[in-house]
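Here's entry-v3.pdb, which has PDB, C-alpha atoms and all ligand atoms:
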ATOM      1  CA  MET H   7       3.655 -11.822   1.267
ATOM      2  CA  THR H   8       4.773  -8.802   3.262
ATOM      3  CA  ALA H   9       3.865  -5.442   1.774
ATOM      4  CA  GLU H  10       6.599  -3.396   0.175
ATOM      5  CA  LYS H  11       7.758  -0.437   2.234
ATOM      6  CA  PRO H  12       8.050   2.761   0.213
ATOM      7  CA  GLU H  13      10.291   5.519   1.568
ATOM      8  CA  VAL H  14       7.966   8.402   2.452
ATOM      9  CA  THR H  15       9.028  12.009   3.077
ATOM     10  CA  GLY H  16       6.508  14.636   4.183
ATOM     11  CA  PHE H  17       6.897  18.333   3.285
ATOM     12  CA  PHE H  18       4.713  20.522   5.469
ATOM     13  CA  ASP H  19       3.289  23.824   4.211
ATOM     14  CA  ASP H  20       2.714  26.169   7.164
ATOM     15  CA  ALA H  21       0.471  28.532   5.214
ATOM     16  CA  THR H  22      -2.190  25.906   4.438
ATOM     17  CA  ASN H  23      -1.331  23.081   6.887
ATOM     18  CA  THR H  24      -0.946  20.769   3.885
ATOM     19  CA  VAL H  25       1.449  17.853   3.778
ATOM     20  CA  THR H  26       2.934  16.979   0.383
ATOM     21  CA  PHE H  27       4.353  13.464   0.267
ATOM     22  CA  LEU H  28       7.250  12.152  -1.745
ATOM     23  CA  VAL H  29       6.890   8.389  -2.123
ATOM     24  CA  LYS H  30      10.007   6.551  -3.300
ATOM     25  CA  ASP H  31      10.436   3.000  -4.511
ATOM     26  CA  PRO H  32      13.196   1.475  -2.313
ATOM     27  CA  GLY H  33      14.272  -0.682  -5.272
ATOM     28  CA  SER H  34      14.837   2.081  -7.846
ATOM     29  CA  ASN H  35      14.928   5.842  -8.342
ATOM     30  CA  ALA H  36      11.227   5.975  -9.176
ATOM     31  CA  CYS H  37       9.003   8.202  -7.067
ATOM     32  CA  ALA H  38       5.584   9.835  -6.903
ATOM     33  CA  ILE H  39       4.419  13.114  -5.394
ATOM     34  CA  VAL H  40       1.091  13.301  -3.557
ATOM     35  CA  ASP H  41      -0.765  16.629  -3.148
ATOM     36  CA  SER H  42       1.684  19.360  -4.119
ATOM     37  CA  VAL H  43       1.223  23.031  -3.192
ATOM     38  CA  LEU H  44       1.510  26.221  -5.254
ATOM     39  CA  ASP H  45       1.842  29.111  -2.808
ATOM     40  CA  PHE H  46      -0.769  31.822  -3.296
ATOM     41  CA  ASP H  47      -1.200  35.141  -1.518
ATOM     42  CA  TYR H  48      -4.865  35.974  -2.035
ATOM     43  CA  ALA H  49      -4.546  39.591  -0.880
ATOM     44  CA  SER H  50      -2.030  40.427  -3.630
ATOM     45  CA  GLY H  51      -3.140  37.776  -6.143
ATOM     46  CA  ARG H  52       0.455  36.564  -6.421
ATOM     47  CA  THR H  53       1.672  33.002  -6.784
ATOM     48  CA  ASP H  54       4.988  31.728  -5.496
ATOM     49  CA  THR H  55       6.739  28.409  -6.085
ATOM     50  CA  ARG H  56       8.724  28.171  -2.847
ATOM     51  CA  SER H  57       6.959  25.023  -1.611
ATOM     52  CA  ALA H  58       7.173  23.221  -4.950
ATOM     53  CA  ASP H  59      10.807  24.261  -5.468
ATOM     54  CA  ARG H  60      11.780  22.746  -2.117
ATOM     55  CA  ILE H  61      10.512  19.364  -3.332
ATOM     56  CA  ILE H  62      11.950  19.772  -6.849
ATOM     57  CA  THR H  63      15.393  20.510  -5.366
ATOM     58  CA  HIS H  64      15.139  17.479  -3.080
ATOM     59  CA  ILE H  65      14.191  15.233  -6.027
ATOM     60  CA  ARG H  66      17.022  16.568  -8.226
ATOM     61  CA  ASP H  67      19.582  16.249  -5.412
ATOM     62  CA  LYS H  68      18.648  12.600  -4.904
ATOM     63  CA  GLY H  69      18.511  11.894  -8.647
ATOM     64  CA  LEU H  70      14.926  10.603  -8.491
ATOM     65  CA  SER H  71      12.615  10.095 -11.417
ATOM     66  CA  VAL H  72       9.018  11.320 -11.005
ATOM     67  CA  GLU H  73       6.524   8.853 -12.456
ATOM     68  CA  TRP H  74       3.313  10.255 -10.949
ATOM     69  CA  ILE H  75       2.025  13.554  -9.612
ATOM     70  CA  LEU H  76      -1.064  12.468  -7.694
ATOM     71  CA  GLU H  77      -3.977  14.388  -6.237
ATOM     72  CA  THR H  78      -6.105  12.777  -3.529
ATOM     73  CA  HIS H  79      -8.937  15.180  -4.503
ATOM     74  CA  VAL H  80      -9.759  18.702  -5.703
ATOM     75  CA  HIS H  81      -8.436  20.652  -2.736
ATOM     76  CA  ALA H  82     -10.315  23.650  -1.430
ATOM     77  CA  ASP H  83      -7.575  25.067   0.754
ATOM     78  CA  HIS H  84      -4.503  25.259  -1.463
ATOM     79  CA  LEU H  85      -3.611  25.453  -5.137
ATOM     80  CA  SER H  86      -1.935  22.457  -6.760
ATOM     81  CA  ALA H  87       1.579  22.824  -8.191
ATOM     82  CA  ALA H  88       1.159  19.708 -10.368
ATOM     83  CA  PRO H  89       1.668  21.404 -13.772
ATOM     84  CA  TYR H  90       4.631  23.446 -12.482
ATOM     85  CA  ILE H  91       6.322  20.276 -11.207
ATOM     86  CA  GLN H  92       5.407  18.283 -14.316
ATOM     87  CA  GLU H  93       7.024  20.877 -16.565
ATOM     88  CA  ARG H  94      10.288  20.555 -14.643
ATOM     89  CA  LEU H  95      10.409  16.882 -13.690
ATOM     90  CA  GLY H  96       7.890  15.042 -15.875
ATOM     91  CA  GLY H  97       5.444  12.472 -14.498
ATOM     92  CA  LYS H  98       1.749  11.924 -15.144
ATOM     93  CA  ILE H  99      -0.933  13.850 -13.240
ATOM     94  CA  GLY H 100      -3.634  11.599 -11.765
ATOM     95  CA  ILE H 101      -6.875  12.139  -9.849
ATOM     96  CA  GLY H 102     -10.170  10.311  -9.218
ATOM     97  CA  GLN H 103     -12.532   9.731 -12.121
ATOM     98  CA  LYS H 104     -15.357  11.433 -10.210
ATOM     99  CA  ILE H 105     -13.503  14.713 -10.863
ATOM    100  CA  THR H 106     -16.128  15.077 -13.601
ATOM    101  CA  VAL H 107     -18.813  15.521 -10.907
ATOM    102  CA  VAL H 108     -16.684  18.168  -9.185
ATOM    103  CA  GLN H 109     -16.034  19.936 -12.498
ATOM    104  CA  ASP H 110     -19.733  19.949 -13.243
ATOM    105  CA  THR H 111     -20.628  21.414  -9.830
ATOM    106  CA  PHE H 112     -17.980  24.116  -9.794
ATOM    107  CA  GLY H 113     -18.174  24.811 -13.509
ATOM    108  CA  LYS H 114     -21.670  26.076 -12.651
ATOM    109  CA  VAL H 115     -20.620  27.906  -9.461
ATOM    110  CA  PHE H 116     -17.991  29.861 -11.431
ATOM    111  CA  ASN H 117     -20.157  30.199 -14.571
ATOM    112  CA  GLU H 118     -17.410  28.695 -16.720
ATOM    113  CA  GLY H 119     -18.002  28.805 -20.457
ATOM    114  CA  THR H 120     -18.168  25.787 -22.733
ATOM    115  CA  GLU H 121     -14.372  25.893 -23.208
ATOM    116  CA  PHE H 122     -14.100  24.471 -19.690
ATOM    117  CA  GLN H 123     -14.294  20.712 -20.291
ATOM    118  CA  ARG H 124     -16.076  18.739 -17.590
ATOM    119  CA  ASP H 125     -14.655  15.386 -18.680
ATOM    120  CA  GLY H 126     -11.438  15.302 -16.627
ATOM    121  CA  SER H 127      -9.361  15.647 -19.813
ATOM    122  CA  GLN H 128      -7.068  18.199 -18.131
ATOM    123  CA  PHE H 129      -5.547  15.268 -16.186
ATOM    124  CA  ASP H 130      -3.309  12.528 -17.636
ATOM    125  CA  ARG H 131      -5.067   9.702 -15.805
ATOM    126  CA  LEU H 132      -8.413   9.276 -14.060
ATOM    127  CA  PHE H 133      -8.482   6.479 -11.479
ATOM    128  CA  THR H 134     -11.403   4.410 -10.250
ATOM    129  CA  GLU H 135     -11.779   1.944  -7.368
ATOM    130  CA  GLY H 136      -9.648  -1.136  -7.924
ATOM    131  CA  ASP H 137      -7.234   0.442 -10.407
ATOM    132  CA  THR H 138      -3.562  -0.303  -9.926
ATOM    133  CA  PHE H 139      -0.482   1.462 -11.246
ATOM    134  CA  ALA H 140       3.284   1.154 -10.831
ATOM    135  CA  ILE H 141       5.874   3.425  -9.241
ATOM    136  CA  GLY H 142       9.068   1.623 -10.277
ATOM    137  CA  SER H 143       8.674  -1.817  -8.700
ATOM    138  CA  LEU H 144       5.999  -0.639  -6.246
ATOM    139  CA  THR H 145       2.335  -1.320  -6.912
ATOM    140  CA  ALA H 146      -0.221   1.319  -5.998
ATOM    141  CA  ASP H 147      -3.864   0.370  -5.410
ATOM    142  CA  VAL H 148      -6.662   2.883  -5.725
ATOM    143  CA  LEU H 149      -9.537   3.101  -3.249
ATOM    144  CA  HIS H 150     -12.440   5.448  -3.927
ATOM    145  CA  THR H 151     -13.083   7.127  -0.570
ATOM    146  CA  PRO H 152     -15.718   9.865  -1.126
ATOM    147  CA  GLY H 153     -17.531  11.872   1.549
ATOM    148  CA  HIS H 154     -15.305  14.923   1.957
ATOM    149  CA  THR H 155     -15.713  15.354  -1.822
ATOM    150  CA  PRO H 156     -17.206  12.981  -4.438
ATOM    151  CA  ALA H 157     -13.821  12.369  -6.098
ATOM    152  CA  CYS H 158     -11.630  11.613  -3.054
ATOM    153  CA  LEU H 159      -9.191   8.738  -3.441
ATOM    154  CA  THR H 160      -6.898   6.857  -1.099
ATOM    155  CA  TYR H 161      -3.696   5.611  -2.706
ATOM    156  CA  VAL H 162      -2.429   2.424  -1.061
ATOM    157  CA  ILE H 163       1.231   2.037  -1.995
ATOM    158  CA  GLY H 164       2.865  -1.005  -0.375
ATOM    159  CA  ASP H 165       2.278  -0.707   3.389
ATOM    160  CA  ALA H 166       1.438   3.024   3.149
ATOM    161  CA  ALA H 167      -1.983   4.623   2.596
ATOM    162  CA  PHE H 168      -2.270   8.233   1.472
ATOM    163  CA  VAL H 169      -5.737   9.123   2.700
ATOM    164  CA  GLY H 170      -5.913  12.811   1.735
ATOM    165  CA  ASP H 171      -8.675  14.495   3.748
ATOM    166  CA  THR H 172     -10.672  11.466   4.868
ATOM    167  CA  LEU H 173      -8.947  10.784   8.176
ATOM    168  CA  PHE H 174      -6.643  13.121  10.066
ATOM    169  CA  MET H 175      -4.364  12.236  12.988
ATOM    170  CA  PRO H 176      -6.216  10.216  15.669
ATOM    171  CA  ASP H 177      -6.281  13.193  18.075
ATOM    172  CA  PHE H 178      -7.744  15.524  15.397
ATOM    173  CA  GLY H 179     -10.369  13.327  13.745
ATOM    174  CA  THR H 180     -11.834  13.545  10.262
ATOM    175  CA  ALA H 181     -12.471  15.986   7.399
ATOM    176  CA  ARG H 182     -15.480  18.223   6.933
ATOM    177  CA  CYS H 183     -18.288  16.994   4.696
ATOM    178  CA  ASP H 184     -20.191  20.206   3.990
ATOM    179  CA  PHE H 185     -18.731  21.176   0.604
ATOM    180  CA  PRO H 186     -21.033  20.645  -2.401
ATOM    181  CA  GLY H 187     -21.197  16.879  -3.043
ATOM    182  CA  GLY H 188     -19.942  16.042   0.464
ATOM    183  CA  SER H 189     -21.701  13.571   2.762
ATOM    184  CA  ALA H 190     -20.900  12.538   6.336
ATOM    185  CA  GLU H 191     -22.577   9.170   5.879
ATOM    186  CA  THR H 192     -20.562   8.486   2.736
ATOM    187  CA  LEU H 193     -17.376   9.514   4.535
ATOM    188  CA  PHE H 194     -18.158   7.086   7.374
ATOM    189  CA  HIS H 195     -18.310   4.185   4.905
ATOM    190  CA  SER H 196     -15.146   5.318   3.112
ATOM    191  CA  ILE H 197     -13.303   5.436   6.426
ATOM    192  CA  GLN H 198     -14.412   1.854   7.214
ATOM    193  CA  LYS H 199     -12.808   0.839   3.916
ATOM    194  CA  ILE H 200      -9.504   2.417   5.005
ATOM    195  CA  LEU H 201      -9.749   0.890   8.484
ATOM    196  CA  SER H 202     -10.184  -2.568   6.973
ATOM    197  CA  LEU H 203      -6.599  -2.428   5.647
ATOM    198  CA  PRO H 204      -4.072  -4.395   7.760
ATOM    199  CA  ASP H 205      -3.543  -2.896  11.246
ATOM    200  CA  ALA H 206       0.121  -2.136  10.582
ATOM    201  CA  THR H 207      -0.649  -0.086   7.450
ATOM    202  CA  ARG H 208       1.004   3.307   7.733
ATOM    203  CA  ILE H 209      -1.525   6.125   7.284
ATOM    204  CA  PHE H 210      -0.298   9.445   5.881
ATOM    205  CA  VAL H 211      -2.791  12.296   6.339
ATOM    206  CA  GLY H 212      -3.115  15.274   3.988
ATOM    207  CA  HIS H 213      -3.328  17.999   6.621
ATOM    208  CA  ASP H 214      -2.449  18.597  10.234
ATOM    209  CA  TYR H 215      -3.560  21.373  12.555
ATOM    210  CA  LYS H 216      -1.984  20.025  15.776
ATOM    211  CA  ALA H 217      -4.565  19.124  18.436
ATOM    212  CA  PRO H 218      -5.188  20.100  22.045
ATOM    213  CA  GLY H 219      -2.179  18.929  24.048
ATOM    214  CA  ARG H 220       0.059  18.407  21.014
ATOM    215  CA  ASP H 221       2.704  21.016  20.103
ATOM    216  CA  GLU H 222       4.220  19.400  17.011
ATOM    217  CA  PHE H 223       2.723  18.892  13.573
ATOM    218  CA  ALA H 224       2.300  15.202  12.723
ATOM    219  CA  TRP H 225       1.120  13.306   9.652
ATOM    220  CA  GLU H 226       1.915   9.626  10.103
ATOM    221  CA  THR H 227      -0.103   7.087  12.070
ATOM    222  CA  THR H 228      -1.404   3.525  11.526
ATOM    223  CA  VAL H 229      -4.706   1.798  10.890
ATOM    224  CA  ALA H 230      -4.515   0.255  14.389
ATOM    225  CA  GLU H 231      -4.066   3.694  16.007
ATOM    226  CA  GLU H 232      -6.927   5.242  14.024
ATOM    227  CA  LYS H 233      -9.258   2.373  14.904
ATOM    228  CA  ALA H 234      -8.442   2.586  18.594
ATOM    229  CA  ARG H 235      -8.061   6.303  19.177
ATOM    230  CA  ASN H 236      -9.502   8.497  16.409
ATOM    231  CA  VAL H 237     -11.584  11.055  18.279
ATOM    232  CA  HIS H 238     -14.337  11.074  15.648
ATOM    233  CA  ILE H 239     -14.480   7.476  14.578
ATOM    234  CA  GLY H 240     -12.361   5.297  16.888
ATOM    235  CA  GLY H 241     -13.589   2.729  19.400
ATOM    236  CA  GLY H 242     -16.356   1.484  17.115
ATOM    237  CA  ARG H 243     -18.404   4.691  16.708
ATOM    238  CA  THR H 244     -21.633   4.022  14.787
ATOM    239  CA  SER H 245     -22.562   5.669  11.529
ATOM    240  CA  GLU H 246     -25.428   7.578  13.218
ATOM    241  CA  GLU H 247     -23.162   8.906  15.989
ATOM    242  CA  PHE H 248     -20.550   9.969  13.466
ATOM    243  CA  VAL H 249     -23.010  11.708  11.115
ATOM    244  CA  GLU H 250     -24.615  13.654  13.958
ATOM    245  CA  MET H 251     -21.242  14.821  15.298
ATOM    246  CA  ARG H 252     -19.838  15.639  11.832
ATOM    247  CA  GLU H 253     -22.859  17.619  10.648
ATOM    248  CA  ALA H 254     -23.059  19.619  13.890
ATOM    249  CA  ARG H 255     -19.355  20.416  13.746
ATOM    250  CA  ASP H 256     -19.431  21.381  10.054
ATOM    251  CA  LYS H 257     -22.052  24.061  10.790
ATOM    252  CA  THR H 258     -19.462  25.852  12.955
ATOM    253  CA  LEU H 259     -16.644  25.903  10.363
ATOM    254  CA  ALA H 260     -15.726  28.923   8.244
ATOM    255  CA  MET H 261     -14.853  28.469   4.551
ATOM    256  CA  PRO H 262     -11.141  27.798   3.925
ATOM    257  CA  LYS H 263      -9.336  31.071   3.095
ATOM    258  CA  LEU H 264      -8.266  29.916  -0.370
ATOM    259  CA  ILE H 265     -11.397  28.000  -1.424
ATOM    260  CA  ILE H 266     -12.325  30.403  -4.258
ATOM    261  CA  PRO H 267      -8.967  30.467  -6.056
ATOM    262  CA  SER H 268      -8.209  26.816  -5.186
ATOM    263  CA  LEU H 269     -11.317  25.365  -6.805
ATOM    264  CA  GLN H 270     -10.927  27.364 -10.016
ATOM    265  CA  VAL H 271      -7.329  26.224 -10.426
ATOM    266  CA  ASN H 272      -7.510  22.670  -9.081
ATOM    267  CA  MET H 273     -10.541  21.658 -11.148
ATOM    268  CA  ARG H 274      -8.268  22.486 -14.144
ATOM    269  CA  ALA H 275      -5.528  20.122 -12.888
ATOM    270  CA  GLY H 276      -3.632  23.083 -11.425
ATOM    271  CA  GLN H 277      -3.795  25.300 -14.538
ATOM    272  CA  MET H 278      -4.941  28.907 -14.273
ATOM    273  CA  PRO H 279      -8.088  29.861 -16.224
ATOM    274  CA  PRO H 280      -7.312  30.894 -19.826
ATOM    275  CA  PRO H 281      -6.062  34.497 -20.211
ATOM    276  CA  GLU H 282      -8.568  37.211 -21.159
ATOM    277  CA  GLU H 283      -8.312  39.477 -24.253
ATOM    278  CA  ASP H 284      -5.598  41.568 -22.575
ATOM    279  CA  GLY H 285      -3.436  38.458 -22.192
ATOM    280  CA  LYS H 286      -3.776  38.480 -18.403
ATOM    281  CA  THR H 287      -5.210  35.806 -16.137
ATOM    282  CA  TYR H 288      -8.039  36.470 -13.687
ATOM    283  CA  LEU H 289      -9.777  34.487 -10.966
ATOM    284  CA  LYS H 290     -13.444  35.131 -10.200
ATOM    285  CA  VAL H 291     -15.240  35.668  -6.923
ATOM    286  CA  PRO H 292     -18.876  34.500  -7.112
ATOM    287  CA  VAL H 293     -20.802  36.903  -4.880
ATOM    288  CA  ASN H 294     -23.068  34.937  -2.525
ATOM    289  CA  GLY H 295     -22.448  31.946  -4.784
ATOM    290  CA  LEU H 296     -20.786  29.517  -2.405
TER
HETATM  291 FE    FE Q 301      -9.651  18.807   1.102
END

Turn the structure described in the file into structure tokens.
Amino acid sequence: MTAEKPEVTGFFDDATNTVTFLVKDPGSNACAIVDSVLDFDYASGRTDTRSADRIITHIRDKGLSVEWILETHVHADHLSAAPYIQERLGGKIGIGQKITVVQDTFGKVFNEGTEFQRDGSQFDRLFTEGDTFAIGSLTADVLHTPGHTPACLTYVIGDAAFVGDTLFMPDFGTARCDFPGGSAETLFHSIQKILSLPDATRIFVGHDYKAPGRDEFAWETTVAEEKARNVHIGGGRTSEEFVEMREARDKTLAMPKLIIPSLQVNMRAGQMPPPEEDGKTYLKVPVNGL
């Protein structure tokens, strides 16, 4: 049986280099959104819905029906617009079941009180390896692909795999593994799982930063291309070689600009922390805590 071919549209956010994907069932109006963005200016503390509105307008213009608002993981570089989109278009918000581990870790980092549930109940659905779900007549398969974070998932929808921050474009490589709960060795094994999908599988990556010699942003490649040419993992790199390279490189990377607000919001399925006694909402900065 040949795999179904969902129609995939990428929306690129310049501010955070994130790609949000709209995945449409060719046989109906059903669609899913993968990794949405709520714009946030940290200096002023102001949110903006420009990025999400662009996708909402597109979906309304085409008369699509949103069944799922998916997260590949708890992002550390942008805030999720999942609740904003859900309020306007419906759909269920899904993430990996290991979100509970992430909530536990960052619940401590941000000294959240007991009202912050660490059971993933802020999300509509928690997925584990082997789960399947429908987007109209399309079937989506869930792969647990940890390493960048403990909860990372890859959604395989027909012939398309949404790999989040496991693999990037072949000329850019792979994601960092130095956040709490990350592991280069674990990421290596997760990537092998993705690379064991059929060669023609389309791979859609969650971020792009261009690469030396490339002037355009790009987010679509294939399993065959990644296996042959990925600069961190291609050509049969061993686990030891990969781990050594990844760990050395991670030591040179600065924290993402929006990691502090992103984690506090995304571990709550994109909701802001509850308002304080004055009715206003605040985000914390743990001093020397990250
Ligand atoms: Fe990430």

Taking a cut-off of 9 Å and counting all atoms listed in the file, can you build a table that, for each residue of chain H near ligand FE 301 (chain Q), reports the nearest atom pair and how far apart they are in Å (one decimal), sorted by chain then residue number, as a Markdown table?
| residue | atom | partner | partner_atom | distance |
| --- | --- | --- | --- | --- |
| H:Thr78 | CA | Q:FE301 | FE | 8.4 |
| H:His79 | CA | Q:FE301 | FE | 6.7 |
| H:Val80 | CA | Q:FE301 | FE | 6.8 |
| H:His81 | CA | Q:FE301 | FE | 4.4 |
| H:Ala82 | CA | Q:FE301 | FE | 5.5 |
| H:Asp83 | CA | Q:FE301 | FE | 6.6 |
| H:His84 | CA | Q:FE301 | FE | 8.6 |
| H:His154 | CA | Q:FE301 | FE | 6.9 |
| H:Thr155 | CA | Q:FE301 | FE | 7.6 |
| H:Cys158 | CA | Q:FE301 | FE | 8.5 |
| H:Gly170 | CA | Q:FE301 | FE | 7.1 |
| H:Asp171 | CA | Q:FE301 | FE | 5.2 |
| H:Thr172 | CA | Q:FE301 | FE | 8.3 |
| H:Ala181 | CA | Q:FE301 | FE | 7.5 |
| H:Arg182 | CA | Q:FE301 | FE | 8.3 |
| H:Gly212 | CA | Q:FE301 | FE | 8.0 |
| H:His213 | CA | Q:FE301 | FE | 8.4 |

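Atom CA of H:Cys183 is positioned 7.4 Å from atom CA of H:Arg252.
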
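Applied to the shown file, the PyMOL selection byres (((chain H and resi 103) around 6) and not hetatm) selects the residues H:Gly102, H:Lys104, H:Ile105, H:Leu132, H:Phe133, H:Thr134.
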
Next on the checklist: When you count only C-alpha atoms, which of these residues is closest to H:Val43: H:Glu222, H:Glu121, H:Asp59, H:Asp256?
Outcome noted: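 Closest residue, counting only C-alpha atoms: H:Asp59.
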
Checklist entry - Any chance you could work out the residue set of the PyMOL selection byres (((chain H and resi 98) around 9) and not hetatm) here, as a list of chain:residue names? => result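 In the shown coordinates, the PyMOL selection byres (((chain H and resi 98) around 9) and not hetatm) covers H:Val72, H:Glu73, H:Trp74, H:Ile75, H:Leu76, H:Gln92, H:Gly96, H:Gly97, H:Ile99, H:Gly100, H:Phe129, H:Asp130, H:Arg131.
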
Test item: residues at most 8 Å from stretch 44-53 of chain H, all atoms listed in the file, excluding those fewer than 5 positions along its chain, as a short mmCIF file (atom, residue, chain, number, x, y, z; two decimals) with C-alpha atoms, in the frame of the given file:
data_model
loop_
_atom_site.label_atom_id
_atom_site.label_comp_id
_atom_site.auth_asym_id
_atom_site.auth_seq_id
_atom_site.Cartn_x
_atom_site.Cartn_y
_atom_site.Cartn_z
CA ALA H 58 7.17 23.22 -4.95
CA HIS H 84 -4.50 25.26 -1.46
CA LEU H 85 -3.61 25.45 -5.14
CA SER H 86 -1.94 22.46 -6.76
CA ALA H 87 1.58 22.82 -8.19
CA LEU H 264 -8.27 29.92 -0.37
CA PRO H 267 -8.97 30.47 -6.06
#

Would you compute the distance between atom CA of H:Thr258 and atom CA of H:Ser245? Give it in Å to one decimal.
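Between atom CA of H:Thr258 and atom CA of H:Ser245 the gap works out to 20.5 Å.
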
*Do you know which residues lie at most 12 Å from (-14.9, 22.1, -12.7), with coordinates as in the file and all atoms listed in the file counted, and could you write them as a VMD selection string?*
chain H and resid 80 to 81 104 to 128 157 268 to 277 279
